[in-house]
Amino acid sequence: MSIFKIEGGHQLRGEITPQGAKNEALQVICAVLLTAEKVTISNIPDIQDVNKLIFILGELGVKVTRIDKNTYEFQADEIDLDYLKSAKFKKDGSSLRGSIMIVGPLLTRFGQGYIPRPGGDKIGRRRLDTHFEGFIKLGAKFRYNPEEYFYGVEAEELKGTYMLLDEASVTGTANILMAAVMAKGETTIYNAACEPYIQQLSKMLISMGADIQGIGSNKLIVNGVKYLGGCEHRILPDMIEIGSWIGMAVMTKSALTIKNVSWENLGLIPNVFRKLGIALEKHDDDIFIPSQKEYVIQNFMDDSILTISDAPWPGFTPDLLSIVLVVATQAKGSVLVHQKMFESRLFFVDKLIDMGAKIILCDPHRATVIGLNHDSELRGSVMSSPDIRAGIALVIAALSAQGTSTIHNIDQIDRGYERIDERLRALGAKIERINDSF
Ligand SMILES: CC(=O)N[C@H]1[C@@H](OP(=O)(O)OP(=O)(O)OC[C@H]2O[C@@H](n3ccc(=O)[nH]c3=O)[C@H](O)[C@@H]2O)O[C@H](CO)[C@@H](O)[C@@H]1O
Ligand SMILES: C=C(OP(=O)(O)O)C(=O)O
């Protein structure tokens with residue numbers, strides 16, 4: 001296990017290009033299972049979760065060719081369905097959340113799909129009902145082995161239908177959509193998630209020959225086709241990484257340019273950071289953040305304290321609330337951060353409190369932050385990263401703190417951030433990765 005050692009208080013400078021989006025990558029890589037033809041995907045982030053998924057596809061028999069650092073060609077023309085029943089798959093498949101999305105494509109193309117209970121962040125209960133209720137609606141038989149936490153669906157033929165999802169689940173919508181594109185007849189998926197990840201997946205499926213309407217809305221109408229072909233697809237920049245870079249710049253009082261962010265796909269993200277008082281300038285498709293000695297949190301119009309909360313898209317993504325929270329610790333003013341979706345994602349605030357931040361954890365979902373306005377800086381500390389976004393929030397805190405911090409369990413951060421230490425060093429940060437053999 002490696003650790004990060006970070007000497008805080010150094011400004012960043014220069015330009016950074018965001019990686020491709022992790023959550024889109026996990027969807028579109030699963031979609032290669034829908035065709036026997038070649039699929040080329042570019043801007044794939046070189047991160048642990050994505051590499052694990054590519055490994056699983058390779059074990060399943062998909063031919064994987066790495067064309068350059070971030071571009072791969074996939075061909076799923078000889079799939080080994082026996083691997084799905086092996087002990088190895090039960091181990092490999094459970095190591096990340098995104099692997100769940102192989103089930104929809106396998107079910108629609110081969111009539112069977114299996115998955116061990118998937119991993120991902122330990123940020124609260126993460127059920128899979130939406131996924132499997134959708135497959136059942138399409139005509140699949142559901143099997144569950146509780147001893148092994150092993151899920152399965154089987155069907156001779158999937159038939160289009162109307163469904164109202166019990167929640168707008170991101171991976172659930174992607175999974176059901178991938179099953180529906182080759183089901184017989186019309187499927188309506190209402191209360192569908194519509195994050196840019198899903199919009200991108202839909203566009204890719206259309207370029208493979210699928211018929212999907214309603215992209216970007218919460219009602220997708222799919223007319224099943226018999227066959228899908230190859231395509232080329234480019235992944236959008238990672239909006240969560242973009243938000244993380246905004247946090248790094250502002251907490252270290254640095255001027256930073258984030259290149260080619262795809263502004264039109266950022267939704268409320270720029271607005272939310274602006275409400276925290278952060279100056280964000282749109283320079284063509286870049287974000288420029290000027291160096292700011294202070295940033296003042298806006299109150300609501302009636303002068304009550306600002307609340308920032310998450311909601312399914314086009315609401316504010318829950319994956320940026322930990323970053324909003326850490327940024328607020330050095331703002332002028334107060335804000336209530338309300339994490340509605342996940343019940344264990346705010347517990348990391350203890351670590352920020354140890355560093356000197358003024359935060360009241362009201363309950364597992366809500367934390368009030370009273371900004372220090374840089375009147376006193378956070379103090380370096382020894383911490384462990386509980387999940388990917390808390391992990392990057394701790395990195396941000398450490399970059400701004402006085403003294404040196406050590407962050408353990410950085411595997412969690414490597415799950416979703418490509419060579420974050422190298423890229424930060426190139427901008428002037430003092431961060432080292434140390435192999436911790438103890
Ligand atoms: C690999 C991947 O793509 N992961 C993302 C995906 O996870 P994932 O697809 O697993 O998350 P879901 O969208 O299924 O939901 C996450 C949690 O939010 C709750 N929920 C969901 C929808 C809703 O309308 N109300 C509600 O309360 C669910 O009960 C669940 O506990 O979406 C999450 C929510 O944006 C993100 O945090 C994850 O980064
Ligand atoms: C929660 C996240 O990821 P996963 O769904 O893969 O655990 C995330 O990206 O913030």
# chains A, B, ... in the order shown; residues from 1 in each chain; ligands from 1
>>> residues_near_ligand(ligand="ligand 2", cutoff="7 Å", atoms="only C-alpha atoms and all ligand atoms", output="ChimeraX atom specification")
/A:23,96-98,120-121,319,388-389,416
>>> residues_around(residues="A:His338", least_positions_apart="5", cutoff="7 Å", atoms="only C-alpha atoms", output="PyMOL selection string")
chain A and resi 307-309+365-367
>>> closest_residue(among="A:Ala25, A:Met383, A:Ile278, A:Met251", to="A:Ser400", atoms="only C-alpha atoms")
A:Met251
>>> select_by_dssp(residues="stretch 23-121 of chain A", states="strand (DSSP E or B)", output="ChimeraX atom specification")
/A:38-42,63-68,71-75,112-116
>>> write_last_selection(atoms="C-alpha atoms", output="PDB file, in the first residue's frame")
ATOM      1  CA  LYS A  38     -14.565  -3.570 -33.535  1.00  0.00           C
ATOM      2  CA  VAL A  39     -15.201  -0.614 -31.225  1.00  0.00           C
ATOM      3  CA  THR A  40     -12.595   2.099 -30.707  1.00  0.00           C
ATOM      4  CA  ILE A  41     -12.839   4.297 -27.631  1.00  0.00           C
ATOM      5  CA  SER A  42     -10.580   7.302 -27.015  1.00  0.00           C
ATOM      6  CA  LYS A  63      -9.802  -8.816 -27.765  1.00  0.00           C
ATOM      7  CA  VAL A  64      -8.301  -5.674 -26.307  1.00  0.00           C
ATOM      8  CA  THR A  65      -5.710  -3.618 -28.206  1.00  0.00           C
ATOM      9  CA  ARG A  66      -4.206  -0.519 -26.669  1.00  0.00           C
ATOM     10  CA  ILE A  67      -3.678   1.886 -29.556  1.00  0.00           C
ATOM     11  CA  ASP A  68      -2.165   4.667 -27.481  1.00  0.00           C
ATOM     12  CA  THR A  71      -7.258   4.818 -26.807  1.00  0.00           C
ATOM     13  CA  TYR A  72      -8.299   1.184 -27.020  1.00  0.00           C
ATOM     14  CA  GLU A  73      -9.837  -1.037 -29.630  1.00  0.00           C
ATOM     15  CA  PHE A  74     -12.163  -3.789 -28.401  1.00  0.00           C
ATOM     16  CA  GLN A  75     -13.647  -6.745 -30.250  1.00  0.00           C
ATOM     17  CA  GLN A 112     -27.563 -14.589 -19.693  1.00  0.00           C
ATOM     18  CA  GLY A 113     -25.714 -12.226 -17.407  1.00  0.00           C
ATOM     19  CA  TYR A 114     -24.163 -12.802 -13.982  1.00  0.00           C
ATOM     20  CA  ILE A 115     -22.432 -10.614 -11.459  1.00  0.00           C
ATOM     21  CA  PRO A 116     -21.127 -10.901  -7.905  1.00  0.00           C
TER      22      PRO A 116
END
>>> residues_near_ligand(ligand="ligand 1", cutoff="8 Å", atoms="only C-alpha atoms and all ligand atoms", output="PyMOL selection string")
chain A and resi 22-24+26-27+97-98+120+124-128+130+167-173+193+197+311-313+317-319+340-343
>>> select_by_dssp(residues="stretch 219-401 of chain A", states="alpha helix (DSSP H)", output="number ranges by chain")
A: 239-251, 269-275, 321-328, 349-354, 388-400
>>> closest_atom_pairs(of="stretch 179-272 of chain A", to="stretch 16-20 of chain A", cutoff="7 Å", atoms="only C-alpha atoms", output="tab-separated table")
residue	atom	partner	partner_atom	distance
A:Ile235	CA	A:Gly20	CA	5.7
A:Leu236	CA	A:Gly20	CA	5.6
A:Pro237	CA	A:Gly20	CA	4.4
A:Asp238	CA	A:Gly20	CA	5.1
A:Glu241	CA	A:Pro18	CA	6.5
A:Ile242	CA	A:Pro18	CA	6.2
A:Thr257	CA	A:Ile16	CA	6.3
A:Ile258	CA	A:Ile16	CA	5.0
A:Lys259	CA	A:Thr17	CA	4.9
A:Asn260	CA	A:Thr17	CA	6.9
>>> closest_residue(among="A:Leu352, A:Ile79, A:Thr329, A:Met182", to="A:Gly61", atoms="only C-alpha atoms")
A:Ile79
>>> closest_residue(among="A:His233, A:Tyr227, A:Val326, A:Trp245", to="A:Leu424", atoms="only C-alpha atoms")
A:Trp245
>>> closest_residue(among="A:Gln292, A:Gln200, A:Ser304, A:Asn265", to="A:Lys332", atoms="only C-alpha atoms")
A:Gln292
>>> closest_residue(among="A:Ala21, A:Ala249, A:Leu84, A:Ala183", to="A:Ile56", atoms="only C-alpha atoms")
A:Leu84
>>> closest_residue(among="A:Arg117, A:Lys91, A:Arg234, A:His374", to="A:Lys203", atoms="only C-alpha atoms")
A:Arg234
>>> residues_around(residues="A:Asn271", least_positions_apart="2", cutoff="12 Å", atoms="only C-alpha atoms", output="list in words")
Gly243, Trp263, Leu266, Gly267, Leu268, Ile269, Phe273, Arg274, Lys275, Leu276, Gly277, Ile278, Ala279, Leu280, Glu281, Gln298, Ile308, Gly315, Phe316 and Val324 of chain A
>>> write_last_selection(atoms="N, CA and C atoms", output="PDB file, in the first residue's frame")
ATOM      1  N   GLY A 243     -14.131  19.572 -11.183  1.00  0.00           N
ATOM      2  CA  GLY A 243     -14.504  20.169  -9.891  1.00  0.00           C
ATOM      3  C   GLY A 243     -13.383  20.013  -8.869  1.00  0.00           C
ATOM      4  N   TRP A 263     -17.720  22.926 -21.385  1.00  0.00           N
ATOM      5  CA  TRP A 263     -18.620  23.752 -20.564  1.00  0.00           C
ATOM      6  C   TRP A 263     -20.074  23.307 -20.685  1.00  0.00           C
ATOM      7  N   LEU A 266     -21.285  20.745 -18.183  1.00  0.00           N
ATOM      8  CA  LEU A 266     -20.946  20.863 -16.755  1.00  0.00           C
ATOM      9  C   LEU A 266     -22.162  21.135 -15.871  1.00  0.00           C
ATOM     10  N   GLY A 267     -23.305  21.405 -16.495  1.00  0.00           N
ATOM     11  CA  GLY A 267     -24.529  21.614 -15.712  1.00  0.00           C
ATOM     12  C   GLY A 267     -24.350  22.695 -14.664  1.00  0.00           C
ATOM     13  N   LEU A 268     -24.765  22.386 -13.431  1.00  0.00           N
ATOM     14  CA  LEU A 268     -24.740  23.375 -12.345  1.00  0.00           C
ATOM     15  C   LEU A 268     -23.364  23.544 -11.701  1.00  0.00           C
ATOM     16  N   ILE A 269     -22.397  22.759 -12.115  1.00  0.00           N
ATOM     17  CA  ILE A 269     -21.120  22.741 -11.381  1.00  0.00           C
ATOM     18  C   ILE A 269     -20.487  24.145 -11.274  1.00  0.00           C
ATOM     19  N   PHE A 273     -19.889  26.407  -7.556  1.00  0.00           N
ATOM     20  CA  PHE A 273     -18.619  26.960  -7.066  1.00  0.00           C
ATOM     21  C   PHE A 273     -18.698  28.495  -6.992  1.00  0.00           C
ATOM     22  N   ARG A 274     -19.423  29.099  -7.931  1.00  0.00           N
ATOM     23  CA  ARG A 274     -19.570  30.567  -7.877  1.00  0.00           C
ATOM     24  C   ARG A 274     -20.337  30.985  -6.625  1.00  0.00           C
ATOM     25  N   LYS A 275     -21.301  30.162  -6.203  1.00  0.00           N
ATOM     26  CA  LYS A 275     -22.050  30.496  -4.975  1.00  0.00           C
ATOM     27  C   LYS A 275     -21.130  30.481  -3.754  1.00  0.00           C
ATOM     28  N   LEU A 276     -20.048  29.724  -3.859  1.00  0.00           N
ATOM     29  CA  LEU A 276     -19.077  29.722  -2.753  1.00  0.00           C
ATOM     30  C   LEU A 276     -18.150  30.937  -2.852  1.00  0.00           C
ATOM     31  N   GLY A 277     -18.359  31.761  -3.875  1.00  0.00           N
ATOM     32  CA  GLY A 277     -17.564  32.988  -4.005  1.00  0.00           C
ATOM     33  C   GLY A 277     -16.355  32.827  -4.910  1.00  0.00           C
ATOM     34  N   ILE A 278     -16.280  31.706  -5.617  1.00  0.00           N
ATOM     35  CA  ILE A 278     -15.095  31.448  -6.443  1.00  0.00           C
ATOM     36  C   ILE A 278     -15.278  32.075  -7.825  1.00  0.00           C
ATOM     37  N   ALA A 279     -14.263  32.814  -8.251  1.00  0.00           N
ATOM     38  CA  ALA A 279     -14.324  33.432  -9.580  1.00  0.00           C
ATOM     39  C   ALA A 279     -13.905  32.377 -10.607  1.00  0.00           C
ATOM     40  N   LEU A 280     -14.805  32.062 -11.521  1.00  0.00           N
ATOM     41  CA  LEU A 280     -14.486  31.104 -12.594  1.00  0.00           C
ATOM     42  C   LEU A 280     -14.699  31.843 -13.901  1.00  0.00           C
ATOM     43  N   GLU A 281     -13.697  31.884 -14.733  1.00  0.00           N
ATOM     44  CA  GLU A 281     -13.876  32.587 -16.010  1.00  0.00           C
ATOM     45  C   GLU A 281     -13.929  31.582 -17.144  1.00  0.00           C
ATOM     46  N   GLN A 298     -22.073  33.156  -0.851  1.00  0.00           N
ATOM     47  CA  GLN A 298     -23.313  33.945  -0.976  1.00  0.00           C
ATOM     48  C   GLN A 298     -24.386  33.354  -0.069  1.00  0.00           C
ATOM     49  N   ILE A 308     -26.042  23.596   0.030  1.00  0.00           N
ATOM     50  CA  ILE A 308     -25.688  22.933  -1.229  1.00  0.00           C
ATOM     51  C   ILE A 308     -25.998  21.452  -1.060  1.00  0.00           C
ATOM     52  N   GLY A 315     -29.563  18.060 -11.488  1.00  0.00           N
ATOM     53  CA  GLY A 315     -29.179  18.564 -10.174  1.00  0.00           C
ATOM     54  C   GLY A 315     -27.674  18.439  -9.989  1.00  0.00           C
ATOM     55  N   PHE A 316     -27.217  18.851  -8.813  1.00  0.00           N
ATOM     56  CA  PHE A 316     -25.777  18.861  -8.543  1.00  0.00           C
ATOM     57  C   PHE A 316     -25.308  17.459  -8.140  1.00  0.00           C
ATOM     58  N   VAL A 324     -16.817  20.380  -2.391  1.00  0.00           N
ATOM     59  CA  VAL A 324     -17.468  21.629  -1.969  1.00  0.00           C
ATOM     60  C   VAL A 324     -17.212  21.857  -0.473  1.00  0.00           C
TER      61      VAL A 324
END
>>> residues_around(residues="A:Asp363", least_positions_apart="5", cutoff="12 Å", atoms="only C-alpha atoms", output="MDAnalysis selection string")
chainID A and resid 336:340 343:347 349 368
>>> write_last_selection(atoms="C-alpha atoms", output="compact mmCIF listing (two decimals), in the first residue's frame")
# COMPACT_ATOMS: atom_id res chain seq x y z
CA LEU A 336 -24.83 23.73 4.97
CA VAL A 337 -23.74 20.74 2.89
CA HIS A 338 -26.59 18.23 2.53
CA GLN A 339 -25.63 14.85 1.05
CA LYS A 340 -29.05 13.36 0.33
CA GLU A 343 -25.49 7.97 4.20
CA SER A 344 -21.78 7.52 4.97
CA ARG A 345 -20.06 10.01 2.77
CA LEU A 346 -19.62 12.87 5.23
CA PHE A 347 -17.88 11.04 8.07
CA VAL A 349 -15.15 15.60 8.15
CA THR A 368 -22.42 22.91 8.52
>>> decode(residues="stretch 133-174 of chain A", atoms="C-alpha atoms", output="tab-separated table (two decimals), in the first residue's frame")
chain	number	residue	atom	x	y	z
A	133	GLU	CA	-36.33	-4.93	-11.70
A	134	GLY	CA	-35.65	-3.47	-15.16
A	135	PHE	CA	-34.29	-6.76	-16.53
A	136	ILE	CA	-37.24	-8.65	-15.05
A	137	LYS	CA	-39.64	-6.20	-16.73
A	138	LEU	CA	-37.92	-6.98	-20.03
A	139	GLY	CA	-38.72	-10.65	-19.45
A	140	ALA	CA	-35.61	-12.00	-17.72
A	141	LYS	CA	-35.67	-14.57	-14.89
A	142	PHE	CA	-33.81	-13.43	-11.82
A	143	ARG	CA	-31.65	-15.68	-9.65
A	144	TYR	CA	-29.77	-14.75	-6.49
A	145	ASN	CA	-27.44	-16.86	-4.43
A	146	PRO	CA	-27.30	-15.17	-1.02
A	147	GLU	CA	-24.37	-17.29	0.22
A	148	GLU	CA	-22.12	-15.99	-2.51
A	149	TYR	CA	-23.93	-12.68	-3.05
A	150	PHE	CA	-24.13	-13.75	-6.69
A	151	TYR	CA	-26.77	-12.32	-9.01
A	152	GLY	CA	-27.95	-13.74	-12.33
A	153	VAL	CA	-30.49	-13.05	-15.07
A	154	GLU	CA	-31.46	-15.28	-17.96
A	155	ALA	CA	-33.88	-14.90	-20.88
A	156	GLU	CA	-34.47	-16.51	-24.24
A	157	GLU	CA	-35.83	-13.29	-25.59
A	158	LEU	CA	-36.22	-9.80	-24.16
A	159	LYS	CA	-39.42	-7.93	-24.96
A	160	GLY	CA	-39.81	-4.16	-24.95
A	161	THR	CA	-42.14	-2.72	-22.31
A	162	TYR	CA	-42.97	0.38	-20.27
A	163	MET	CA	-41.11	0.81	-17.01
A	164	LEU	CA	-41.01	3.44	-14.32
A	165	LEU	CA	-37.73	3.09	-12.46
A	166	ASP	CA	-37.98	3.19	-8.66
A	167	GLU	CA	-35.10	5.69	-8.66
A	168	ALA	CA	-33.06	7.49	-11.28
A	169	SER	CA	-30.07	5.20	-10.86
A	170	VAL	CA	-27.12	6.07	-13.09
A	171	THR	CA	-25.62	2.61	-13.56
A	172	GLY	CA	-29.14	1.11	-13.44
A	173	THR	CA	-30.33	3.24	-16.36
A	174	ALA	CA	-27.20	2.43	-18.36
